[in-house]
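This report refers to the structure that appears directly beneath it.
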Amino acid sequence: MRSCTIRLFFVFNRFLERFIGWYSGHVAMEEDIREPQPFEFRSPHGINSVEHQSRCWNSITVRHVVHYSNPGRVWHDISSEQTTVAILLEQIGGYCEARLNVNRPTPRFRYDAGHATFVPAEMPIWGYSDNIKVTRDLRLHFDDDALPKILGDDLDYAKVTSPVLMLYNERVTKCAKLLAEEFTSRLRENRMYGESLTTALMASLFGSHDVSTRIKNGGLARWQLKRVLEFLEAHLAEDIGLEELAQLAGLSQSQFARAFKASTGLPPYKWRLHNRIKRAQEMLLNSNNSPSEIALNYGFADQSHFTKAFRRVTGTTPANWKQHHKN
């Protein structure tokens, strides 16, 4: 009887530990993937209609915004209650610009799309155009405490004190375009992908050039890499984020992403994707599971999502790869 009681105690204790682990992870994810803040389109003039979609990564509300304009002068206030970064992705029928004063043009030497504007919270900055038909941009809204959490010691505080108008930065524009594709793609990527892109974009805008030599050149310490890789292997099929991995290593997300790549040769998102595909390849060769079953087993939304990711890594489809390697 005593032996049975002890056995039941250990079984219950093991169950309790697993439940607490699941609940903690679940709560952390719920806190991280918050609902985007309501969209406030301020002081529009001459704008016919606005379309927008919103998602949230890294506690940053990311919006894909398209607005259609009437003929003539058009403007609106880009600012919001939160700090705002706006990247112009497309302009049709003319050009547009950010202005400190709606009636005063901003000096510029380029007139193409692709420029970013940084707007401190509640500071009126005007998006202005004349005889333009359509503009499409990506906007990121965040609280002041978001940047230190994402960039840590990499943050250059001098860069967040004053507005920046129409900055052309190739890396910022590339990250913005990839984030915008998440709003138009039928098969969305996982949370780590969005967090990695928002971190890279913020680092490009607000990062300091005075980066720790140890992190830049030496990568992760052995214990950091071991802890992170073990966690990745144990949660290969789950929708984990960059923030969780950075916390395991005791670094900011920006520092961790850079150090992880120095240690492994791949950014965290790509390393995880490649290893999920590697495990899927093993299952393709050593089991009779269907592609749809393998997709679900390794955290892909469905067979189509699995095929898309598999082709991105290997250059071919799972069926073609299996046929080639079976022979």
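Each chain in the structure tokens gets a letter, A, B, ..., in the order shown, and its residues are numbered from 1; ligands are numbered from 1 in order too.
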Taking the backbone alone, and naming residues the way the document does, which bits of stretch 72-239 of chain A are alpha helix (DSSP H) by DSSP, as a PyMOL selection string?
chain A and resi 146-151+170-184+191-206+213-218+222-234
Write the residues of the selection above to a file with C-alpha atoms, as a PDB file, in the first residue's frame.
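out10.pdb, written as the output of this step:
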ATOM      1  CA  ALA A 146      10.276  48.417 -26.459  1.00  0.00           C
ATOM      2  CA  LEU A 147      13.640  49.416 -27.950  1.00  0.00           C
ATOM      3  CA  PRO A 148      15.786  48.758 -24.839  1.00  0.00           C
ATOM      4  CA  LYS A 149      14.175  45.323 -24.514  1.00  0.00           C
ATOM      5  CA  ILE A 150      14.916  44.449 -28.148  1.00  0.00           C
ATOM      6  CA  LEU A 151      18.324  46.102 -28.611  1.00  0.00           C
ATOM      7  CA  GLU A 170      18.533  49.513 -47.887  1.00  0.00           C
ATOM      8  CA  ARG A 171      18.391  47.089 -44.956  1.00  0.00           C
ATOM      9  CA  VAL A 172      15.411  48.850 -43.372  1.00  0.00           C
ATOM     10  CA  THR A 173      13.536  48.817 -46.673  1.00  0.00           C
ATOM     11  CA  LYS A 174      14.275  45.122 -47.239  1.00  0.00           C
ATOM     12  CA  CYS A 175      13.004  44.166 -43.776  1.00  0.00           C
ATOM     13  CA  ALA A 176       9.885  46.294 -44.300  1.00  0.00           C
ATOM     14  CA  LYS A 177       9.129  44.615 -47.636  1.00  0.00           C
ATOM     15  CA  LEU A 178       9.482  41.146 -46.120  1.00  0.00           C
ATOM     16  CA  LEU A 179       7.174  42.090 -43.255  1.00  0.00           C
ATOM     17  CA  ALA A 180       4.660  43.523 -45.727  1.00  0.00           C
ATOM     18  CA  GLU A 181       4.662  40.217 -47.614  1.00  0.00           C
ATOM     19  CA  GLU A 182       3.347  38.547 -44.455  1.00  0.00           C
ATOM     20  CA  PHE A 183       0.113  40.496 -44.917  1.00  0.00           C
ATOM     21  CA  THR A 184      -0.389  39.377 -48.515  1.00  0.00           C
ATOM     22  CA  ARG A 191       6.493  34.089 -34.817  1.00  0.00           C
ATOM     23  CA  MET A 192      10.296  33.894 -34.844  1.00  0.00           C
ATOM     24  CA  TYR A 193      10.320  35.126 -38.442  1.00  0.00           C
ATOM     25  CA  GLY A 194       8.367  38.283 -37.611  1.00  0.00           C
ATOM     26  CA  GLU A 195      10.377  38.923 -34.454  1.00  0.00           C
ATOM     27  CA  SER A 196      13.650  38.477 -36.346  1.00  0.00           C
ATOM     28  CA  LEU A 197      12.615  40.978 -39.028  1.00  0.00           C
ATOM     29  CA  THR A 198      11.363  43.607 -36.557  1.00  0.00           C
ATOM     30  CA  THR A 199      14.576  43.208 -34.525  1.00  0.00           C
ATOM     31  CA  ALA A 200      16.754  43.613 -37.637  1.00  0.00           C
ATOM     32  CA  LEU A 201      14.765  46.663 -38.749  1.00  0.00           C
ATOM     33  CA  MET A 202      15.045  48.343 -35.336  1.00  0.00           C
ATOM     34  CA  ALA A 203      18.751  47.536 -35.106  1.00  0.00           C
ATOM     35  CA  SER A 204      19.320  49.134 -38.521  1.00  0.00           C
ATOM     36  CA  LEU A 205      17.526  52.314 -37.460  1.00  0.00           C
ATOM     37  CA  PHE A 206      18.520  52.698 -33.828  1.00  0.00           C
ATOM     38  CA  THR A 213      33.902  42.826 -29.711  1.00  0.00           C
ATOM     39  CA  ARG A 214      33.312  39.622 -27.777  1.00  0.00           C
ATOM     40  CA  ILE A 215      29.753  39.231 -29.027  1.00  0.00           C
ATOM     41  CA  LYS A 216      30.569  40.361 -32.568  1.00  0.00           C
ATOM     42  CA  ASN A 217      33.574  38.133 -33.103  1.00  0.00           C
ATOM     43  CA  GLY A 218      33.232  35.318 -30.578  1.00  0.00           C
ATOM     44  CA  ARG A 222      29.601  27.411 -25.031  1.00  0.00           C
ATOM     45  CA  TRP A 223      26.986  27.199 -22.270  1.00  0.00           C
ATOM     46  CA  GLN A 224      24.735  29.683 -24.067  1.00  0.00           C
ATOM     47  CA  LEU A 225      24.881  27.791 -27.348  1.00  0.00           C
ATOM     48  CA  LYS A 226      24.297  24.428 -25.624  1.00  0.00           C
ATOM     49  CA  ARG A 227      21.266  25.726 -23.717  1.00  0.00           C
ATOM     50  CA  VAL A 228      19.726  27.344 -26.799  1.00  0.00           C
ATOM     51  CA  LEU A 229      20.281  24.364 -29.120  1.00  0.00           C
ATOM     52  CA  GLU A 230      18.837  21.950 -26.583  1.00  0.00           C
ATOM     53  CA  PHE A 231      15.770  24.174 -26.236  1.00  0.00           C
ATOM     54  CA  LEU A 232      15.381  24.432 -30.023  1.00  0.00           C
ATOM     55  CA  GLU A 233      15.600  20.649 -30.426  1.00  0.00           C
ATOM     56  CA  ALA A 234      13.057  20.078 -27.653  1.00  0.00           C
TER      57      ALA A 234
END
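The neighbours of A:Arg276 here are the residues that come within 9 Å of it, using only C-alpha atoms and leaving out any residue fewer than 5 positions away in the same chain; they are A:Leu236, A:Ala237, A:Trp271, A:Gln281, A:Tyr298, A:Gly299.
Reported to one decimal place, the separation of atom CA of A:Val85 from atom CA of A:Lys159 is 12.6 Å.
Taking only C-alpha atoms into account, A:Val313 lies nearest to A:Lys278 out of the set A:Ser287, A:Gly114, A:Lys278, A:Asp143.
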Minimum-distance residue to A:Val102, chosen among A:Ser69, A:Gln247, A:Ser43, A:Ser54 (using only C-alpha atoms)
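Among the listed residues, the smallest separation from A:Val102 belongs to A:Ser43.
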Using only C-alpha atoms, the residue out of A:Tyr157, A:Phe300, A:Tyr168, A:Phe256 with shortest distance to A:Gly207 is A:Tyr157
Between A:His305, A:His64, A:Arg42, A:Lys322, which residue has the minimum interatomic distance to A:Ile87, considering only C-alpha atoms?
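For A:Ile87, the nearest of the given residues is A:His64.
By only C-alpha atoms, and with residues fewer than 3 positions from A:Pro38 along its chain excluded, the set lying at most 12 Å from it is Glu35, Phe41, His52, Gln53, Ser54, Arg55, Cys56, Thr61, Val62, Arg63, Ser80, Glu81, Gln82 and His141 of chain A.
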Please write the residues from the selection above to a file, keeping N, CA and C atoms, as an mmCIF file, in the first residue's frame.
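Saved file result-v2.cif follows:
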data_model
loop_
_atom_site.group_PDB
_atom_site.id
_atom_site.type_symbol
_atom_site.label_atom_id
_atom_site.label_comp_id
_atom_site.auth_asym_id
_atom_site.auth_seq_id
_atom_site.Cartn_x
_atom_site.Cartn_y
_atom_site.Cartn_z
ATOM 1 N N GLU A 35 -2.835 41.676 -28.974
ATOM 2 C CA GLU A 35 -3.635 42.228 -30.054
ATOM 3 C C GLU A 35 -3.063 43.587 -30.466
ATOM 4 N N PHE A 41 -5.971 57.034 -37.870
ATOM 5 C CA PHE A 41 -5.493 57.753 -39.049
ATOM 6 C C PHE A 41 -5.820 59.226 -38.855
ATOM 7 N N HIS A 52 -6.101 48.830 -44.295
ATOM 8 C CA HIS A 52 -4.977 48.489 -43.417
ATOM 9 C C HIS A 52 -5.186 47.125 -42.775
ATOM 10 N N GLN A 53 -4.062 46.453 -42.507
ATOM 11 C CA GLN A 53 -4.026 45.190 -41.786
ATOM 12 C C GLN A 53 -2.968 45.312 -40.707
ATOM 13 N N SER A 54 -3.180 44.645 -39.574
ATOM 14 C CA SER A 54 -2.264 44.789 -38.448
ATOM 15 C C SER A 54 -1.901 43.441 -37.847
ATOM 16 N N ARG A 55 -0.647 43.335 -37.406
ATOM 17 C CA ARG A 55 -0.172 42.202 -36.628
ATOM 18 C C ARG A 55 0.748 42.720 -35.534
ATOM 19 N N CYS A 56 1.113 41.840 -34.604
ATOM 20 C CA CYS A 56 1.949 42.266 -33.488
ATOM 21 C C CYS A 56 3.117 41.311 -33.312
ATOM 22 N N THR A 61 3.222 46.928 -32.848
ATOM 23 C CA THR A 61 2.110 46.807 -33.784
ATOM 24 C C THR A 61 2.615 47.171 -35.176
ATOM 25 N N VAL A 62 2.521 46.225 -36.085
ATOM 26 C CA VAL A 62 2.992 46.420 -37.459
ATOM 27 C C VAL A 62 1.779 46.506 -38.375
ATOM 28 N N ARG A 63 1.694 47.575 -39.169
ATOM 29 C CA ARG A 63 0.540 47.784 -40.043
ATOM 30 C C ARG A 63 0.974 47.899 -41.503
ATOM 31 N N SER A 80 1.176 59.099 -33.796
ATOM 32 C CA SER A 80 0.171 58.399 -32.997
ATOM 33 C C SER A 80 0.533 58.557 -31.530
ATOM 34 N N GLU A 81 -0.233 57.922 -30.653
ATOM 35 C CA GLU A 81 0.070 57.956 -29.229
ATOM 36 C C GLU A 81 1.392 57.260 -28.933
ATOM 37 N N GLN A 82 1.784 56.333 -29.790
ATOM 38 C CA GLN A 82 3.040 55.617 -29.623
ATOM 39 C C GLN A 82 4.095 56.163 -30.589
ATOM 40 N N HIS A 141 4.350 50.748 -34.669
ATOM 41 C CA HIS A 141 4.007 51.569 -33.509
ATOM 42 C C HIS A 141 4.442 50.831 -32.247
#
Among stretch 126-229 of chain A, which residues does DSSP mark as strand (DSSP E) when it is run on the backbone? Keep the chain and numbering as in the structure and answer as JSON, numbers by chain.
{"A": [126, 127, 128, 129, 130, 134, 135, 136, 137, 138, 139, 140, 141, 142, 164, 165, 166, 167, 168]}
To one decimal place, how far is atom CA of A:His67 from atom CA of A:Ser162 in Å?
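Between these atoms lies a distance of 26.8 Å.
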List the neighbours of A:Ala257 out to 10 Å using only C-alpha atoms; skip same-chain residues closer than 6 positions along the sequence, and give me the result as a PDB file with N, CA and C atoms, in the first residue's frame.
ATOM      1  N   SER A 196      12.309  38.285 -35.786  1.00  0.00           N
ATOM      2  CA  SER A 196      13.650  38.477 -36.346  1.00  0.00           C
ATOM      3  C   SER A 196      13.686  39.688 -37.273  1.00  0.00           C
ATOM      4  N   THR A 199      13.319  42.952 -35.237  1.00  0.00           N
ATOM      5  CA  THR A 199      14.576  43.208 -34.525  1.00  0.00           C
ATOM      6  C   THR A 199      15.637  43.758 -35.477  1.00  0.00           C
ATOM      7  N   ALA A 200      15.764  43.148 -36.657  1.00  0.00           N
ATOM      8  CA  ALA A 200      16.754  43.613 -37.637  1.00  0.00           C
ATOM      9  C   ALA A 200      16.436  45.032 -38.101  1.00  0.00           C
ATOM     10  N   GLY A 219      30.818  35.182 -30.876  1.00  0.00           N
ATOM     11  CA  GLY A 219      29.548  34.483 -30.849  1.00  0.00           C
ATOM     12  C   GLY A 219      29.111  34.160 -29.438  1.00  0.00           C
ATOM     13  N   LEU A 220      28.288  33.153 -29.304  1.00  0.00           N
ATOM     14  CA  LEU A 220      27.769  32.741 -28.011  1.00  0.00           C
ATOM     15  C   LEU A 220      28.816  31.949 -27.236  1.00  0.00           C
ATOM     16  N   LEU A 242      11.949  34.591 -30.930  1.00  0.00           N
ATOM     17  CA  LEU A 242      13.329  35.024 -30.747  1.00  0.00           C
ATOM     18  C   LEU A 242      13.555  35.495 -29.317  1.00  0.00           C
ATOM     19  N   GLU A 243      12.549  36.107 -28.728  1.00  0.00           N
ATOM     20  CA  GLU A 243      12.676  36.636 -27.374  1.00  0.00           C
ATOM     21  C   GLU A 243      12.979  35.528 -26.369  1.00  0.00           C
ATOM     22  N   LEU A 245      14.543  32.690 -26.887  1.00  0.00           N
ATOM     23  CA  LEU A 245      15.915  32.229 -27.059  1.00  0.00           C
ATOM     24  C   LEU A 245      16.906  33.241 -26.482  1.00  0.00           C
ATOM     25  N   ALA A 246      16.638  34.526 -26.701  1.00  0.00           N
ATOM     26  CA  ALA A 246      17.518  35.560 -26.173  1.00  0.00           C
ATOM     27  C   ALA A 246      17.545  35.530 -24.649  1.00  0.00           C
ATOM     28  N   LEU A 251      20.737  37.646 -23.206  1.00  0.00           N
ATOM     29  CA  LEU A 251      21.108  38.734 -24.104  1.00  0.00           C
ATOM     30  C   LEU A 251      19.852  39.427 -24.627  1.00  0.00           C
ATOM     31  N   LEU A 266      24.195  30.660 -39.322  1.00  0.00           N
ATOM     32  CA  LEU A 266      22.843  30.971 -39.785  1.00  0.00           C
ATOM     33  C   LEU A 266      22.113  31.818 -38.753  1.00  0.00           C
ATOM     34  N   PRO A 267      21.221  32.718 -39.181  1.00  0.00           N
ATOM     35  CA  PRO A 267      20.343  33.401 -38.232  1.00  0.00           C
ATOM     36  C   PRO A 267      19.447  32.377 -37.539  1.00  0.00           C
ATOM     37  N   PRO A 268      18.925  32.690 -36.336  1.00  0.00           N
ATOM     38  CA  PRO A 268      18.102  31.723 -35.589  1.00  0.00           C
ATOM     39  C   PRO A 268      16.914  31.182 -36.393  1.00  0.00           C
ATOM     40  N   TYR A 269      16.216  32.046 -37.111  1.00  0.00           N
ATOM     41  CA  TYR A 269      15.051  31.591 -37.873  1.00  0.00           C
ATOM     42  C   TYR A 269      15.463  30.573 -38.932  1.00  0.00           C
TER      43      TYR A 269
END
Shortest interatomic distance to A:Pro163 - which of A:Val119, A:Ala295, A:Ile132, A:Ile60, counting only C-alpha atoms:
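That would be A:Val119, the residue with the smallest distance to A:Pro163.
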Who sits within 9 Å of A:Leu285, only C-alpha atoms, same chain under 5 positions skipped, as a PDB file with N, CA and C atoms, in the first residue's frame:
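And here's result.pdb as it stands now:
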ATOM      1  N   ALA A 280      12.358  16.401 -41.107  1.00  0.00           N
ATOM      2  CA  ALA A 280      11.314  15.962 -42.039  1.00  0.00           C
ATOM      3  C   ALA A 280      11.897  15.050 -43.113  1.00  0.00           C
ATOM      4  N   LYS A 322      12.357  12.861 -52.082  1.00  0.00           N
ATOM      5  CA  LYS A 322      12.256  11.481 -51.613  1.00  0.00           C
ATOM      6  C   LYS A 322      12.531  10.494 -52.747  1.00  0.00           C
ATOM      7  N   HIS A 325      16.316  10.375 -53.439  1.00  0.00           N
ATOM      8  CA  HIS A 325      17.152   9.777 -52.403  1.00  0.00           C
ATOM      9  C   HIS A 325      16.777   8.341 -52.068  1.00  0.00           C
ATOM     10  N   LYS A 326      15.647   7.889 -52.558  1.00  0.00           N
ATOM     11  CA  LYS A 326      15.272   6.477 -52.373  1.00  0.00           C
ATOM     12  C   LYS A 326      16.023   5.593 -53.350  1.00  0.00           C
TER      13      LYS A 326
END
